[in-house]
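Peer 1: Structure: input-v6.cif, mmCIF, C-alpha atoms.
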data_input
#
loop_
_atom_site.group_PDB
_atom_site.id
_atom_site.type_symbol
_atom_site.label_atom_id
_atom_site.label_comp_id
_atom_site.auth_asym_id
_atom_site.auth_seq_id
_atom_site.Cartn_x
_atom_site.Cartn_y
_atom_site.Cartn_z
ATOM 1 C CA MET Y 1 2.605 -17.604 5.421
ATOM 2 C CA LYS Y 2 5.453 -15.648 3.839
ATOM 3 C CA TYR Y 3 3.318 -15.005 0.775
ATOM 4 C CA LEU Y 4 0.665 -13.464 3.008
ATOM 5 C CA ALA Y 5 3.315 -11.040 4.271
ATOM 6 C CA TYR Y 6 4.178 -9.979 0.693
ATOM 7 C CA LEU Y 7 0.504 -9.612 -0.096
ATOM 8 C CA PHE Y 8 -0.039 -7.495 3.003
ATOM 9 C CA ILE Y 9 2.957 -5.234 2.280
ATOM 10 C CA GLY Y 10 1.774 -4.811 -1.332
ATOM 11 C CA THR Y 11 -1.737 -3.914 -0.170
ATOM 12 C CA PHE Y 12 -0.358 -1.367 2.284
ATOM 13 C CA PHE Y 13 1.840 0.130 -0.425
ATOM 14 C CA GLY Y 14 -1.086 0.249 -2.859
ATOM 15 C CA ILE Y 15 -3.241 2.175 -0.388
ATOM 16 C CA VAL Y 16 -0.370 4.625 0.251
ATOM 17 C CA MET Y 17 0.147 5.177 -3.506
ATOM 18 C CA TYR Y 18 -3.544 5.826 -4.128
ATOM 19 C CA LYS Y 19 -4.226 7.923 -1.032
ATOM 20 C CA SER Y 20 -1.142 10.092 -1.529
ATOM 21 C CA GLU Y 21 -2.232 10.715 -5.159
ATOM 22 C CA ALA Y 22 1.190 9.493 -6.357
ATOM 23 C CA ALA Y 23 -0.848 7.222 -8.672
ATOM 24 C CA SER Y 24 -2.600 10.195 -10.299
ATOM 25 C CA TRP Y 25 -1.622 11.274 -13.824
ATOM 26 C CA PHE Y 26 -2.347 14.857 -12.766
ATOM 27 C CA ARG Y 27 0.209 14.746 -9.943
ATOM 28 C CA ILE Y 28 2.917 13.394 -12.255
ATOM 29 C CA TYR Y 29 2.294 16.149 -14.805
ATOM 30 C CA GLU Y 30 2.331 18.725 -12.005
ATOM 31 C CA MET Y 31 5.625 17.287 -10.707
ATOM 32 C CA PHE Y 32 7.396 17.508 -14.071
ATOM 33 C CA ARG Y 33 6.047 21.069 -14.455
ATOM 34 C CA PHE Y 34 7.364 21.942 -10.954
ATOM 35 C CA GLY Y 35 3.869 23.072 -9.961
ATOM 36 C CA SER Y 36 3.807 21.713 -6.405
ATOM 37 C CA PHE Y 37 6.041 20.427 -3.635
ATOM 38 C CA HIS Y 38 3.766 17.401 -3.083
ATOM 39 C CA MET Y 39 5.602 14.694 -5.084
ATOM 40 C CA TYR Y 40 9.027 16.041 -4.110
ATOM 41 C CA GLY Y 41 7.938 15.957 -0.474
ATOM 42 C CA ILE Y 42 6.817 12.319 -0.789
ATOM 43 C CA ILE Y 43 10.008 11.134 -2.486
ATOM 44 C CA GLY Y 44 12.245 13.421 -0.387
ATOM 45 C CA SER Y 45 10.846 12.403 3.003
ATOM 46 C CA ALA Y 46 10.903 8.700 2.042
ATOM 47 C CA LEU Y 47 14.511 9.186 1.001
ATOM 48 C CA VAL Y 48 15.676 11.000 4.155
ATOM 49 C CA LEU Y 49 14.199 8.248 6.344
ATOM 50 C CA GLY Y 50 15.505 5.625 3.904
ATOM 51 C CA ILE Y 51 19.081 6.915 4.120
ATOM 52 C CA ILE Y 52 18.958 7.036 7.936
ATOM 53 C CA GLY Y 53 17.450 3.543 8.171
ATOM 54 C CA VAL Y 54 19.904 1.974 5.717
ATOM 55 C CA GLN Y 55 22.812 3.511 7.677
ATOM 56 C CA ILE Y 56 21.423 1.985 10.885
ATOM 57 C CA ILE Y 57 21.036 -1.408 9.168
ATOM 58 C CA LYS Y 58 24.645 -1.273 7.955
ATOM 59 C CA ARG Y 59 26.242 -0.002 11.169
ATOM 60 C CA LYS Y 60 24.320 -2.323 13.505
ATOM 61 C CA ASN Y 61 24.580 -5.149 10.958
ATOM 62 C CA VAL Y 62 20.813 -5.795 11.112
ATOM 63 C CA LYS Y 63 19.786 -9.133 9.532
ATOM 64 C CA PRO Y 64 16.396 -10.033 8.040
ATOM 65 C CA ILE Y 65 14.187 -12.057 10.409
ATOM 66 C CA THR Y 66 13.965 -14.775 7.744
ATOM 67 C CA GLY Y 67 17.674 -15.615 8.122
ATOM 68 C CA GLU Y 68 18.379 -14.589 4.511
ATOM 69 C CA PRO Y 69 21.192 -12.117 3.762
ATOM 70 C CA MET Y 70 20.293 -8.407 3.736
ATOM 71 C CA GLN Y 71 19.477 -7.381 0.164
ATOM 72 C CA LEU Y 72 21.326 -4.088 -0.164
ATOM 73 C CA HIS Y 73 23.255 -4.630 -3.363
ATOM 74 C CA ALA Y 74 25.651 -2.110 -4.845
ATOM 75 C CA LYS Y 75 24.608 -1.188 -8.401
ATOM 76 C CA ASN Y 76 27.141 -1.840 -11.168
ATOM 77 C CA LYS Y 77 29.198 1.207 -12.106
ATOM 78 C CA SER Y 78 28.255 2.479 -15.540
ATOM 79 C CA VAL Y 79 26.854 5.612 -17.158
ATOM 80 C CA PRO Y 80 24.979 4.849 -20.404
ATOM 81 C CA ARG Y 81 22.543 2.252 -19.060
ATOM 82 C CA TYR Y 82 21.367 4.429 -16.182
ATOM 83 C CA LEU Y 83 21.201 7.618 -18.202
ATOM 84 C CA PHE Y 84 19.626 6.219 -21.405
ATOM 85 C CA GLY Y 85 17.413 3.764 -19.552
ATOM 86 C CA GLY Y 86 16.411 6.502 -17.126
ATOM 87 C CA ILE Y 87 15.509 8.911 -19.944
ATOM 88 C CA LEU Y 88 13.330 6.308 -21.693
ATOM 89 C CA PHE Y 89 11.644 5.476 -18.402
ATOM 90 C CA GLY Y 90 11.035 9.179 -17.682
ATOM 91 C CA LEU Y 91 9.426 9.702 -21.101
ATOM 92 C CA GLY Y 92 7.014 6.851 -20.362
ATOM 93 C CA TRP Y 93 6.375 7.920 -16.768
ATOM 94 C CA ALA Y 94 5.300 11.402 -17.894
ATOM 95 C CA LEU Y 95 3.220 10.146 -20.839
ATOM 96 C CA ALA Y 96 1.294 7.412 -19.023
ATOM 97 C CA GLY Y 97 1.406 9.314 -15.719
ATOM 98 C CA ALA Y 98 2.118 6.145 -13.800
ATOM 99 C CA CYS Y 99 5.213 4.182 -12.848
ATOM 100 C CA PRO Y 100 5.267 0.410 -12.251
ATOM 101 C CA GLY Y 101 3.786 0.473 -8.708
ATOM 102 C CA PRO Y 102 0.824 2.755 -9.472
ATOM 103 C CA MET Y 103 0.035 0.816 -12.684
ATOM 104 C CA PHE Y 104 -1.146 -2.102 -10.586
ATOM 105 C CA VAL Y 105 -2.818 0.160 -8.030
ATOM 106 C CA LEU Y 106 -4.876 1.826 -10.779
ATOM 107 C CA ALA Y 107 -5.871 -1.542 -12.234
ATOM 108 C CA GLY Y 108 -7.253 -2.476 -8.815
ATOM 109 C CA ALA Y 109 -8.981 0.900 -8.543
ATOM 110 C CA GLY Y 110 -10.983 -0.054 -11.633
ATOM 111 C CA TYR Y 111 -9.352 2.087 -14.358
ATOM 112 C CA LEU Y 112 -9.381 -0.590 -17.045
ATOM 113 C CA THR Y 113 -7.507 1.493 -19.634
ATOM 114 C CA ILE Y 114 -4.384 1.187 -17.450
ATOM 115 C CA LEU Y 115 -4.246 -2.416 -18.707
ATOM 116 C CA TRP Y 116 -2.830 -0.994 -21.956
ATOM 117 C CA VAL Y 117 0.016 0.546 -19.954
ATOM 118 C CA ILE Y 118 0.667 -2.753 -18.157
ATOM 119 C CA LEU Y 119 0.605 -4.646 -21.477
ATOM 120 C CA GLY Y 120 2.980 -2.052 -22.946
ATOM 121 C CA ALA Y 121 5.318 -2.396 -19.960
ATOM 122 C CA LEU Y 122 5.408 -6.181 -20.427
ATOM 123 C CA ILE Y 123 6.152 -5.723 -24.143
ATOM 124 C CA GLY Y 124 8.868 -3.164 -23.283
ATOM 125 C CA THR Y 125 10.458 -5.535 -20.772
ATOM 126 C CA PHE Y 126 10.365 -8.279 -23.371
ATOM 127 C CA LEU Y 127 11.909 -6.029 -26.063
ATOM 128 C CA TYR Y 128 14.722 -5.130 -23.673
ATOM 129 C CA GLY Y 129 15.404 -8.811 -23.081
ATOM 130 C CA ILE Y 130 15.723 -9.360 -26.829
ATOM 131 C CA LEU Y 131 17.840 -6.260 -27.563
ATOM 132 C CA ARG Y 132 19.957 -6.263 -24.408
ATOM 133 C CA ASN Y 133 23.157 -7.574 -25.998
ATOM 134 C CA ARG Y 134 23.105 -4.847 -28.658
ATOM 135 C CA LEU Y 135 22.657 -1.919 -26.257
ATOM 136 C CA PRO Y 136 25.477 0.049 -24.592
ATOM 137 C CA HIS Y 137 25.566 -0.756 -20.879
ATOM 138 C CA MET U 1 -15.458 10.651 8.698
ATOM 139 C CA ASP U 2 -14.001 13.167 6.253
ATOM 140 C CA TRP U 3 -10.460 12.336 7.273
ATOM 141 C CA ILE U 4 -10.774 8.875 5.765
ATOM 142 C CA TYR U 5 -11.580 10.320 2.346
ATOM 143 C CA ALA U 6 -9.099 13.198 2.393
ATOM 144 C CA PRO U 7 -5.828 12.695 0.484
ATOM 145 C CA TRP U 8 -2.765 11.963 2.567
ATOM 146 C CA PRO U 9 -0.181 14.761 2.706
ATOM 147 C CA TRP U 10 3.418 14.125 1.603
ATOM 148 C CA TYR U 11 4.741 13.950 5.175
ATOM 149 C CA VAL U 12 2.443 10.992 5.843
ATOM 150 C CA ALA U 13 2.976 9.223 2.506
ATOM 151 C CA GLY U 14 6.779 9.551 2.320
ATOM 152 C CA PRO U 15 7.473 7.905 5.699
ATOM 153 C CA LEU U 16 4.961 5.124 4.880
ATOM 154 C CA ILE U 17 6.851 4.416 1.629
ATOM 155 C CA ALA U 18 10.102 4.209 3.628
ATOM 156 C CA LEU U 19 8.288 1.809 5.981
ATOM 157 C CA THR U 20 7.315 -0.362 2.976
ATOM 158 C CA MET U 21 10.967 -0.544 1.927
ATOM 159 C CA PHE U 22 12.156 -1.493 5.434
ATOM 160 C CA ALA U 23 9.411 -4.081 5.874
ATOM 161 C CA LEU U 24 10.646 -5.794 2.695
ATOM 162 C CA LEU U 25 14.326 -5.500 3.699
ATOM 163 C CA LEU U 26 13.551 -7.074 7.059
ATOM 164 C CA ILE U 27 12.041 -10.115 5.366
ATOM 165 C CA GLY U 28 15.014 -10.395 3.032
ATOM 166 C CA LYS U 29 13.764 -8.610 -0.092
ATOM 167 C CA GLN U 30 14.675 -5.448 -1.955
ATOM 168 C CA PHE U 31 11.950 -2.888 -2.732
ATOM 169 C CA GLY U 32 11.386 -2.543 -6.483
ATOM 170 C CA MET U 33 8.077 -2.555 -8.343
ATOM 171 C CA SER U 34 9.249 -3.240 -11.909
ATOM 172 C CA SER U 35 11.095 -6.547 -11.411
ATOM 173 C CA ASN U 36 7.738 -8.381 -11.415
ATOM 174 C CA LEU U 37 7.468 -7.551 -15.149
ATOM 175 C CA ARG U 38 10.621 -9.561 -15.824
ATOM 176 C CA THR U 39 9.270 -12.375 -13.656
ATOM 177 C CA CYS U 40 6.082 -12.386 -15.783
ATOM 178 C CA CYS U 41 8.071 -12.552 -19.039
ATOM 179 C CA ALA U 42 10.115 -15.461 -17.671
ATOM 180 C CA ALA U 43 7.038 -17.279 -16.355
ATOM 181 C CA VAL U 44 5.376 -17.317 -19.794
ATOM 182 C CA GLY U 45 8.450 -18.864 -21.423
ATOM 183 C CA GLY U 46 10.499 -15.777 -22.379
ATOM 184 C CA ASP U 47 13.680 -17.749 -21.642
ATOM 185 C CA LYS U 48 13.224 -19.568 -24.951
ATOM 186 C CA ILE U 49 13.630 -16.271 -26.807
ATOM 187 C CA ALA U 50 16.123 -14.277 -24.721
ATOM 188 C CA ASP U 51 18.723 -15.276 -22.117
ATOM 189 C CA PHE U 52 17.653 -12.308 -20.004
ATOM 190 C CA PHE U 53 14.593 -14.316 -18.954
ATOM 191 C CA ASN U 54 16.561 -17.466 -18.239
ATOM 192 C CA PHE U 55 16.681 -17.360 -14.443
ATOM 193 C CA ASN U 56 14.946 -19.090 -11.583
ATOM 194 C CA TRP U 57 11.786 -16.952 -11.693
ATOM 195 C CA LYS U 58 10.054 -19.144 -9.122
ATOM 196 C CA LYS U 59 12.374 -17.632 -6.525
ATOM 197 C CA ASP U 60 10.986 -14.224 -7.513
ATOM 198 C CA ARG U 61 7.320 -15.112 -7.174
ATOM 199 C CA TRP U 62 7.270 -12.921 -4.093
ATOM 200 C CA ASN U 63 7.328 -9.797 -6.289
ATOM 201 C CA LEU U 64 4.183 -11.016 -8.043
ATOM 202 C CA MET U 65 2.508 -11.262 -4.636
ATOM 203 C CA VAL U 66 3.501 -7.667 -3.863
ATOM 204 C CA ALA U 67 1.963 -6.617 -7.203
ATOM 205 C CA VAL U 68 -1.247 -8.521 -6.429
ATOM 206 C CA GLY U 69 -1.272 -6.719 -3.071
ATOM 207 C CA ALA U 70 -0.924 -3.358 -4.858
ATOM 208 C CA ILE U 71 -4.004 -4.249 -6.934
ATOM 209 C CA VAL U 72 -5.949 -5.086 -3.764
ATOM 210 C CA GLY U 73 -4.734 -1.862 -2.136
ATOM 211 C CA GLY U 74 -5.894 0.169 -5.137
ATOM 212 C CA TYR U 75 -9.307 -1.478 -4.973
ATOM 213 C CA LEU U 76 -9.715 -0.819 -1.242
ATOM 214 C CA ALA U 77 -8.463 2.775 -1.442
ATOM 215 C CA ALA U 78 -10.599 3.742 -4.452
ATOM 216 C CA ASN U 79 -13.789 2.095 -3.179
ATOM 217 C CA TYR U 80 -13.719 2.737 0.551
ATOM 218 C CA MET U 81 -11.214 5.492 1.315
ATOM 219 C CA SER U 82 -11.370 8.124 -1.402
ATOM 220 C CA THR U 83 -13.552 10.635 -3.228
ATOM 221 C CA ASN U 84 -11.422 9.798 -6.304
ATOM 222 C CA THR U 85 -10.660 13.406 -7.104
ATOM 223 C CA VAL U 86 -7.236 15.016 -7.256
ATOM 224 C CA ALA U 87 -6.812 18.762 -6.817
ATOM 225 C CA ILE U 88 -3.544 20.082 -8.217
ATOM 226 C CA ASN U 89 -2.036 23.557 -8.522
ATOM 227 C CA PRO U 90 -4.866 25.586 -10.180
ATOM 228 C CA SER U 91 -2.596 27.245 -12.724
ATOM 229 C CA ILE U 92 -1.292 23.829 -13.848
ATOM 230 C CA ALA U 93 -4.886 22.567 -14.088
ATOM 231 C CA THR U 94 -5.844 25.592 -16.214
ATOM 232 C CA GLU U 95 -2.813 25.050 -18.422
ATOM 233 C CA LEU U 96 -3.820 21.405 -18.986
ATOM 234 C CA SER U 97 -7.371 22.281 -19.984
ATOM 235 C CA GLN U 98 -6.528 25.317 -22.128
ATOM 236 C CA LYS U 99 -3.384 24.076 -23.870
ATOM 237 C CA TYR U 100 -4.166 20.387 -24.219
ATOM 238 C CA GLN U 101 -7.952 20.111 -23.598
ATOM 239 C CA ILE U 102 -7.189 17.737 -20.730
ATOM 240 C CA SER U 103 -9.712 18.496 -18.022
ATOM 241 C CA GLY U 104 -10.706 16.760 -14.832
ATOM 242 C CA ALA U 105 -8.034 18.007 -12.426
ATOM 243 C CA GLY U 106 -10.046 18.633 -9.254
ATOM 244 C CA THR U 107 -12.994 16.462 -10.289
ATOM 245 C CA ALA U 108 -11.370 13.139 -11.237
ATOM 246 C CA TYR U 109 -8.390 10.959 -10.262
ATOM 247 C CA LEU U 110 -7.203 10.483 -13.870
ATOM 248 C CA PRO U 111 -7.965 12.499 -17.028
ATOM 249 C CA SER U 112 -10.978 10.960 -18.778
ATOM 250 C CA GLU U 113 -9.522 12.104 -22.137
ATOM 251 C CA LEU U 114 -6.993 9.269 -21.794
ATOM 252 C CA PHE U 115 -8.346 6.866 -19.203
ATOM 253 C CA ALA U 116 -12.152 6.778 -19.389
ATOM 254 C CA ASN U 117 -13.355 3.172 -19.677
ATOM 255 C CA GLU U 118 -15.369 4.149 -22.786
ATOM 256 C CA ARG U 119 -12.056 4.943 -24.495
ATOM 257 C CA PHE U 120 -10.720 1.431 -24.004
ATOM 258 C CA PHE U 121 -10.698 0.823 -27.761
ATOM 259 C CA GLU U 122 -10.205 4.399 -28.951
ATOM 260 C CA TRP U 123 -6.989 4.430 -31.004
ATOM 261 C CA LYS U 124 -5.499 7.614 -29.556
ATOM 262 C CA SER U 125 -5.823 6.378 -25.980
ATOM 263 C CA VAL U 126 -4.614 2.904 -26.877
ATOM 264 C CA VAL U 127 -1.540 4.131 -28.775
ATOM 265 C CA THR U 128 -0.623 6.722 -26.118
ATOM 266 C CA LEU U 129 -0.978 4.311 -23.203
ATOM 267 C CA LEU U 130 0.725 1.391 -24.972
ATOM 268 C CA LEU U 131 3.649 3.604 -26.003
ATOM 269 C CA GLY U 132 3.938 4.982 -22.478
ATOM 270 C CA GLY U 133 3.949 1.434 -21.140
ATOM 271 C CA VAL U 134 6.608 0.219 -23.590
ATOM 272 C CA LEU U 135 8.896 3.121 -22.613
ATOM 273 C CA ILE U 136 8.315 2.395 -18.915
ATOM 274 C CA GLY U 137 9.004 -1.332 -19.246
ATOM 275 C CA PHE U 138 11.995 -0.992 -21.565
ATOM 276 C CA GLY U 139 13.486 1.944 -19.643
ATOM 277 C CA ALA U 140 13.037 0.333 -16.238
ATOM 278 C CA ARG U 141 14.924 -2.815 -17.260
ATOM 279 C CA TYR U 142 17.593 -0.919 -19.202
ATOM 280 C CA ALA U 143 18.182 1.330 -16.185
ATOM 281 C CA GLY U 144 17.930 -1.654 -13.818
ATOM 282 C CA GLY U 145 15.072 -0.203 -11.780
ATOM 283 C CA CYS U 146 12.201 2.272 -11.622
ATOM 284 C CA THR U 147 11.071 4.937 -9.175
ATOM 285 C CA SER U 148 11.003 2.552 -6.204
ATOM 286 C CA GLY U 149 14.189 0.673 -7.109
ATOM 287 C CA HIS U 150 16.323 3.723 -7.893
ATOM 288 C CA ALA U 151 14.738 6.878 -6.405
ATOM 289 C CA ILE U 152 13.861 5.188 -3.088
ATOM 290 C CA SER U 153 15.897 1.960 -2.642
ATOM 291 C CA GLY U 154 19.028 2.902 -4.565
ATOM 292 C CA LEU U 155 19.343 6.481 -3.349
ATOM 293 C CA SER U 156 18.664 5.373 0.247
ATOM 294 C CA ASN U 157 21.719 3.155 -0.157
ATOM 295 C CA LEU U 158 23.649 6.169 -1.578
ATOM 296 C CA GLN U 159 24.162 4.528 -4.966
ATOM 297 C CA LEU U 160 25.610 6.921 -7.556
ATOM 298 C CA PRO U 161 24.131 4.896 -10.467
ATOM 299 C CA SER U 162 20.682 5.459 -8.962
ATOM 300 C CA LEU U 163 21.292 9.213 -8.921
ATOM 301 C CA LEU U 164 22.188 9.007 -12.629
ATOM 302 C CA ALA U 165 18.998 7.044 -13.301
ATOM 303 C CA VAL U 166 16.851 9.581 -11.402
ATOM 304 C CA ILE U 167 18.484 12.432 -13.365
ATOM 305 C CA GLY U 168 17.562 10.427 -16.480
ATOM 306 C CA PHE U 169 13.936 10.085 -15.236
ATOM 307 C CA PHE U 170 13.708 13.870 -15.014
ATOM 308 C CA ILE U 171 15.413 14.541 -18.357
ATOM 309 C CA GLY U 172 12.907 12.148 -19.958
ATOM 310 C CA GLY U 173 9.874 13.391 -18.027
ATOM 311 C CA MET U 174 10.606 17.059 -18.666
ATOM 312 C CA THR U 175 11.312 16.408 -22.357
ATOM 313 C CA MET U 176 7.902 14.757 -22.533
ATOM 314 C CA VAL U 177 5.860 17.506 -20.841
ATOM 315 C CA TYR U 178 7.770 20.522 -22.208
ATOM 316 C CA PHE U 179 8.527 19.458 -25.795
ATOM 317 C CA LEU U 180 6.468 16.401 -26.742
ATOM 318 C CA PHE U 181 3.092 17.141 -25.093
ATOM 319 C CA PRO U 182 2.477 20.086 -27.473
ATOM 320 C CA LEU U 183 2.954 17.650 -30.365
ATOM 321 C CA ILE U 184 0.945 14.759 -28.892
ATOM 322 C CA PHE U 185 -2.075 16.468 -27.280
#
Would you kindly transcribe this structure into structure tokens?
Peer 2:
Amino acid sequence: MKYLAYLFIGTFFGIVMYKSEAASWFRIYEMFRFGSFHMYGIIGSALVLGIIGVQIIKRKNVKPITGEPMQLHAKNKSVPRYLFGGILFGLGWALAGACPGPMFVLAGAGYLTILWVILGALIGTFLYGILRNRLPH
Amino acid sequence: MDWIYAPWPWYVAGPLIALTMFALLLIGKQFGMSSNLRTCCAAVGGDKIADFFNFNWKKDRWNLMVAVGAIVGGYLAANYMSTNTVAINPSIATELSQKYQISGAGTAYLPSELFANERFFEWKSVVTLLLGGVLIGFGARYAGGCTSGHAISGLSNLQLPSLLAVIGFFIGGMTMVYFLFPLIF
């Protein structure tokens, strides 16, 4: 039953990503070239509502209906991992024109070549796991 | 019926993304679309090679279900709810076609020069997309999250590290389109 809920939320999210064109390579290029407000509007409006909602959750001490603890973890304080990791991620995001959510959305939409991006992302995750102890964090 | 096929504006999409995050929070999970990649690596036995994959991945199977849902959502949206064309700023579209011979903005959802199914085994597409994927996967785990985990989840929770990561996303993305695209395309 719970797995159906995850499936449903994922499906909803996938439709939003595709219909908002956030899964389009063209929109990502346009965003990094500052050619339109569209992507900034999507992220910005999600963020404004996100900040308000998270504040409500914290102040009213809202608990998940499943009885589990609320998963709002503080990120570890550090600079290099976020900056270097972020830069590498940004290079890939602009090149492939898709981030991890839209990769799966595009696979479902029938763009088979996106499977190379997904395979690459799995390889990249794996490489990080191997090299993690040698990287500055 | 046109409204079904028309793209959704930002002020519809943004709030629906926030809704996705809250739906997950309210069933005890944190919104993040790249953690499923780590779950996959662990599920195929990555723990034998690196400690990073030595965790109870079965507890994280939920993020695989979200990813499967995203695939289903992409299928439904592309086949029943879309004309599969994306119109961007005309001057950016002209720039793409004149500078890089990447056409299709306005008539396709993705550039066929990179993504057409016929190019599945063409080396330039394969190398470009694989490299992009490796950077995405490596960068997301190094930074501890991607667009959803940092730009939406982390910033919503006013996390300074997430702001650093998002600044990194833009340094990387702008370096790619301003300095590396002229060399690659």
Peer 1: Using all atoms listed in the file, determine which residues of chain U fall within 6 Å of chain Y; present them as a VMD selection string.
Peer 2: chain U and resid 7 to 8 10 13 to 15 17 to 18 26 to 30 33 to 34 37 50 52 65 to 66 69 to 75 77 to 78 109 to 110 115 120 129 to 130 132 to 140 142 to 143 152 156 164 to 165 168 to 169 171 to 174 176
Peer 1: Can you tell me how far CA of Gln101 (chain U) sits from CA of Pro9 (chain U), in Å to one decimal?
Peer 2: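 We find that CA of Gln101 (chain U) and CA of Pro9 (chain U) lie 27.9 Å from each other.
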Peer 1: Can you measure CA of Val126 (chain U) to CA of Tyr100 (chain U) for me? One decimal in Å is fine.
Peer 2: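 One can read the CA of Val126 (chain U) to CA of Tyr100 (chain U) distance as 17.7 Å.
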Peer 1: Could you tell me how far CA of Thr107 (chain U) sits from CA of Val86 (chain U), in Å to one decimal place?
Peer 2: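 A separation of 6.7 Å between them.
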Peer 1: Near Ala43 (chain U), counting only C-alpha atoms, which residues have an atom at most 9 Å away, once you skip same-chain residues fewer than 5 positions from it, shown as JSON, numbers by chain?
Peer 2: {"U": [38, 53, 57, 58]}
Peer 1: Considering all atoms listed in the file, can you say which of U:Phe55, U:Val44, U:Ser82, U:Val68 comes closest to Ile4 (chain U)?
Peer 2: U:Ser82
Peer 1: Using the chain letters and numbers from the file, which residues does the PyMOL selection byres ((chain U and resi 149) around 9) grab, as a count of residues only?
Peer 2: 18
Peer 1: Which residues, named as in the file, does the PyMOL selection byres ((chain U and resi 88) around 7) pick out? Answer as a PyMOL selection string.
Peer 2: (chain Y and resi 27) or (chain U and resi 86-87+89-90+93+105-106)
Peer 1: If we count all atoms listed in the file, what is near Lys99 (chain U) at a cut-off of 12 Å, once residues fewer than 6 positions away on the same chain are taken out, given as a list in words?
Peer 2: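 After dropping sequence-adjacent residues, the list is Ser91, Ile92, Ala93, Val177, Tyr178, Phe181, Pro182, Leu183, Ile184 and Phe185 of chain U.
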Peer 1: Selection from above, C-alpha atoms, as a compact mmCIF listing (two decimals), in the frame of the given file, can you write it?
Peer 2:
# COMPACT_ATOMS: atom_id res chain seq x y z
CA SER U 91 -2.60 27.24 -12.72
CA ILE U 92 -1.29 23.83 -13.85
CA ALA U 93 -4.89 22.57 -14.09
CA VAL U 177 5.86 17.51 -20.84
CA TYR U 178 7.77 20.52 -22.21
CA PHE U 181 3.09 17.14 -25.09
CA PRO U 182 2.48 20.09 -27.47
CA LEU U 183 2.95 17.65 -30.36
CA ILE U 184 0.94 14.76 -28.89
CA PHE U 185 -2.08 16.47 -27.28
Peer 1: Give the padded box for region 118-132 of chain U as AutoDock Vina command-line options: axis-aligned, covering all atoms listed in the file, 6 Å on each side, centre and edge lengths in Å to one decimal.
Peer 2:
--center_x -5.7 --center_y 4.2 --center_z -26.7 --size_x 31.3 --size_y 18.8 --size_z 20.5
Peer 1: Since the input lacks some atoms of region 118-129 of chain U, please model N, CA and C atoms and print them as a compact mmCIF listing (two decimals), keeping the file's coordinate frame.
Peer 2:
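To be explicit, this is the file written out as result-v3.txt:
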# COMPACT_ATOMS: atom_id res chain seq x y z
N GLU U 118 -14.76 4.13 -21.44
CA GLU U 118 -15.37 4.15 -22.79
C GLU U 118 -14.31 4.28 -23.87
N ARG U 119 -13.11 4.75 -23.49
CA ARG U 119 -12.06 4.94 -24.50
C ARG U 119 -11.14 3.73 -24.61
N PHE U 120 -11.58 2.62 -24.05
CA PHE U 120 -10.72 1.43 -24.00
C PHE U 120 -10.25 1.02 -25.39
N PHE U 121 -11.09 1.22 -26.40
CA PHE U 121 -10.70 0.82 -27.76
C PHE U 121 -10.50 2.02 -28.68
N GLU U 122 -10.41 3.22 -28.11
CA GLU U 122 -10.20 4.40 -28.95
C GLU U 122 -8.72 4.49 -29.29
N TRP U 123 -8.38 4.61 -30.59
CA TRP U 123 -6.99 4.43 -31.00
C TRP U 123 -6.03 5.39 -30.32
N LYS U 124 -6.46 6.66 -30.12
CA LYS U 124 -5.50 7.61 -29.56
C LYS U 124 -5.12 7.24 -28.11
N SER U 125 -6.11 6.83 -27.34
CA SER U 125 -5.82 6.38 -25.98
C SER U 125 -4.95 5.13 -25.99
N VAL U 126 -5.34 4.18 -26.83
CA VAL U 126 -4.61 2.90 -26.88
C VAL U 126 -3.16 3.12 -27.25
N VAL U 127 -2.91 3.90 -28.31
CA VAL U 127 -1.54 4.13 -28.78
C VAL U 127 -0.74 4.88 -27.71
N THR U 128 -1.33 5.93 -27.13
CA THR U 128 -0.62 6.72 -26.12
C THR U 128 -0.25 5.86 -24.92
N LEU U 129 -1.22 5.09 -24.41
CA LEU U 129 -0.98 4.31 -23.20
C LEU U 129 -0.03 3.14 -23.46
